[in-house]
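*Asks:* Encoded as structure tokens, here's the structure I'll be asking about.
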Amino acid sequence: IDTNAGGRSRRLIGYDVARALAVFGMIVVNFKIAMGAETAGPSWLVWLVGLLSGRAAAIFVILAGVGLSLMSRKARLGGDTAALGAIRWSLSKRAAFLLCFGLLFAPIWPADILHFYGFYILIGSYTLTAKNRTLWCTAAALALTFMVLLMVLDYDKGWDWAALHYTDFWTPAGMVRHLFFNGFHPVIPWAAFLLVGIWLGRREMGDPRVRRRVLIGGLAATVMAELASHLLTAGLLIWLPDANPTDIRDLCGTAPMPPTPLYLVSAGGTAMAVIAACLSFADRFCSATWLLQPLTFTGQLALTLYVAHVVVGLGLLEALGRLEHQSLFMALGSALVFCATGVVFASLWRRFARRGPLEWAMRRLTA
């Protein structure tokens with residue numbers, strides 16, 4: 001791994017930059033939803049902002065897989081079973097922390113992803129040494145399993161779609177259903193993103209040729225998935241005139257809910273392309289500290305900013321009476337202001353501490 005003058009890996013800086021972009025995308029999407037502004041704007045802006053839905057979160061999960069792969073690289077390549085066992089135990093504790101913290105956070109933010117993360121990381125901890133082919137086959141199996149579940153189970157069960165509220169979240173059956181099937185980021189199939197991230201973390205991404213292949217492959221996957229979605233939807237609407245158009249669009253679409261295989265391919269391809277581009281960006285501008293450092297620090301405080309954008313950002317908007325029935329321009333402007341504030345906060349915080357407040361707490365509690 002190449003290092004810059006400051007001693008920090010350019011490769012890791014690129015991943016931090018990608019995580020910062022994912023933070024920005026997540027904030028825009030969540031502000032748009034919370035402010036009831038999903039369609040309250042010109043069609044071009046609705047389409048443009050809509051591209052971020054389900055994509056920012058996919059980048060986060062794939063980056064989590066990359067992180068697992070990198071932290072276990074030495075032990076995996078050296079066949080050090082004791083070290084691998086210690087890593088798995090540490091990851092299990094982090095998974096438990098994220099699950100518990102996420103469930104505590106869910107009453108404040110029902111769209112929380114942290115409790116899902118707990119399961120992703122737990123699954124990832126036991127696939128650290130899996131062969132590349134096994135990772136891809138398992139990811140495909142998760143995608144196909146979801147489609148089977150979608151055919152035999154009621155995807156709408158538990159949902160009040162008008163209010164985006166899960167009515168039986170705190171019941172045992174509702175919790176399991178929400179976690180593994182029809183929640184915002186269900187383990188089946190979202191854990192597939194983490195497995196792809198573990199595979200990506202094994203690539204020699206310091207090599208420009210590898211980055212280029214990942215970038216082109218990711219873009220090609222996205223284009224093919226979107227094209228297939230369009231053609232399948234149009235074709236089935238013609239061939240099955242008596243079918244429910246909404247059901248056809250759900251089955252053949254690339255929206256994050258329900259997370260069909262075409263969505264996984266489209267979002268996963270986009271995520272890999274963004275990550276490869278960020279790594280190239282960090283390599284190209286490694287000497288431009290003024291440009292890279294704020295983004296790097298923002299990516300390193302992703303957990304803190306994730307919680308803060310709800311508690312502070314949306315909390316302030318609620319106090320000002322700016323939640324619900326707002327324009328998309330208002331939502332986008334508010335999100336961008338919070339993003340800029342987050343960058344400033346992260347840059348100032350990192351002058352005095354190595355980790356963000358919540359990142360430090362997680363490390364402390366799971367050490």
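Residues are named by chain letter and number: chains run A, B, ... in the order of the structure tokens, numbers start at 1 in each chain, and ligands are numbered from 1 in the order shown.
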Check the DSSP output for the backbone and give back, as JSON, numbers by chain, the residues of range 1-55 of chain A in alpha helix (DSSP H).

*Replies:* {"A": [10, 11, 12, 13, 14, 15, 16, 17, 18, 19, 20, 21, 22, 23, 24, 25, 26, 27, 28, 29, 30, 31, 32, 33, 34, 43, 44, 45, 46, 47, 48, 49, 50, 55]}

*Asks:* Taking into account only C-alpha atoms, which residue in the set A:Ala255, A:Ala140, A:Leu70, A:Cys339 is nearest to Ala302 in chain A?

*Replies:* A:Cys339

*Asks:* Quick check, in Å to one decimal: how far apart do CA of Thr260 in chain A and CA of Ile33 in chain A lie?

*Replies:*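 Going from CA of Thr260 in chain A over to CA of Ile33 in chain A covers 21.3 Å.
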
*Asks:* To one decimal place, how far is CA of Thr296 in chain A from CA of Arg284 in chain A in Å?

*Replies:*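 Separation between CA of Thr296 in chain A and CA of Arg284 in chain A: 14.7 Å.
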
*Asks:* Using only C-alpha atoms, which protein or nucleic acid residues come within 12 Å of Thr138 in chain A? Drop anything in the same chain fewer than 2 positions from it, and give the result as a PDB file with C-alpha atoms, in the first residue's frame.

*Replies:*
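For reference, result-v9.pdb as written:
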ATOM      1  CA  ILE A 123     -22.159 -12.462   8.711  1.00  0.00           C
ATOM      2  CA  GLY A 124     -19.021 -10.830   7.334  1.00  0.00           C
ATOM      3  CA  THR A 127     -16.837 -15.111   5.667  1.00  0.00           C
ATOM      4  CA  ALA A 130     -14.233 -17.559   2.172  1.00  0.00           C
ATOM      5  CA  LYS A 131     -13.048 -18.017  -1.391  1.00  0.00           C
ATOM      6  CA  ASN A 132     -13.901 -15.311  -3.886  1.00  0.00           C
ATOM      7  CA  ARG A 133     -16.246 -17.640  -5.720  1.00  0.00           C
ATOM      8  CA  THR A 134     -18.028 -18.454  -2.456  1.00  0.00           C
ATOM      9  CA  LEU A 135     -18.528 -14.759  -1.729  1.00  0.00           C
ATOM     10  CA  TRP A 136     -20.141 -14.153  -5.109  1.00  0.00           C
ATOM     11  CA  ALA A 140     -26.269 -14.311  -5.597  1.00  0.00           C
ATOM     12  CA  ALA A 141     -28.030 -16.793  -3.305  1.00  0.00           C
ATOM     13  CA  LEU A 142     -29.162 -13.929  -1.040  1.00  0.00           C
ATOM     14  CA  ALA A 143     -30.568 -12.072  -4.060  1.00  0.00           C
ATOM     15  CA  LEU A 144     -32.438 -15.139  -5.314  1.00  0.00           C
ATOM     16  CA  THR A 145     -33.677 -16.025  -1.822  1.00  0.00           C
ATOM     17  CA  ILE A 188     -31.726 -10.720   2.897  1.00  0.00           C
ATOM     18  CA  PRO A 189     -30.489  -9.504   0.430  1.00  0.00           C
ATOM     19  CA  TRP A 190     -28.533  -6.443   1.661  1.00  0.00           C
ATOM     20  CA  ALA A 191     -25.766  -8.561   3.222  1.00  0.00           C
ATOM     21  CA  ALA A 192     -24.794  -9.295  -0.403  1.00  0.00           C
ATOM     22  CA  PHE A 193     -23.310  -5.785  -0.591  1.00  0.00           C
ATOM     23  CA  LEU A 194     -21.017  -6.570   2.350  1.00  0.00           C
ATOM     24  CA  LEU A 195     -19.825  -9.810   0.709  1.00  0.00           C
ATOM     25  CA  VAL A 196     -19.033  -7.910  -2.491  1.00  0.00           C
ATOM     26  CA  TRP A 199     -14.182  -9.323  -2.341  1.00  0.00           C
TER      27      TRP A 199
END
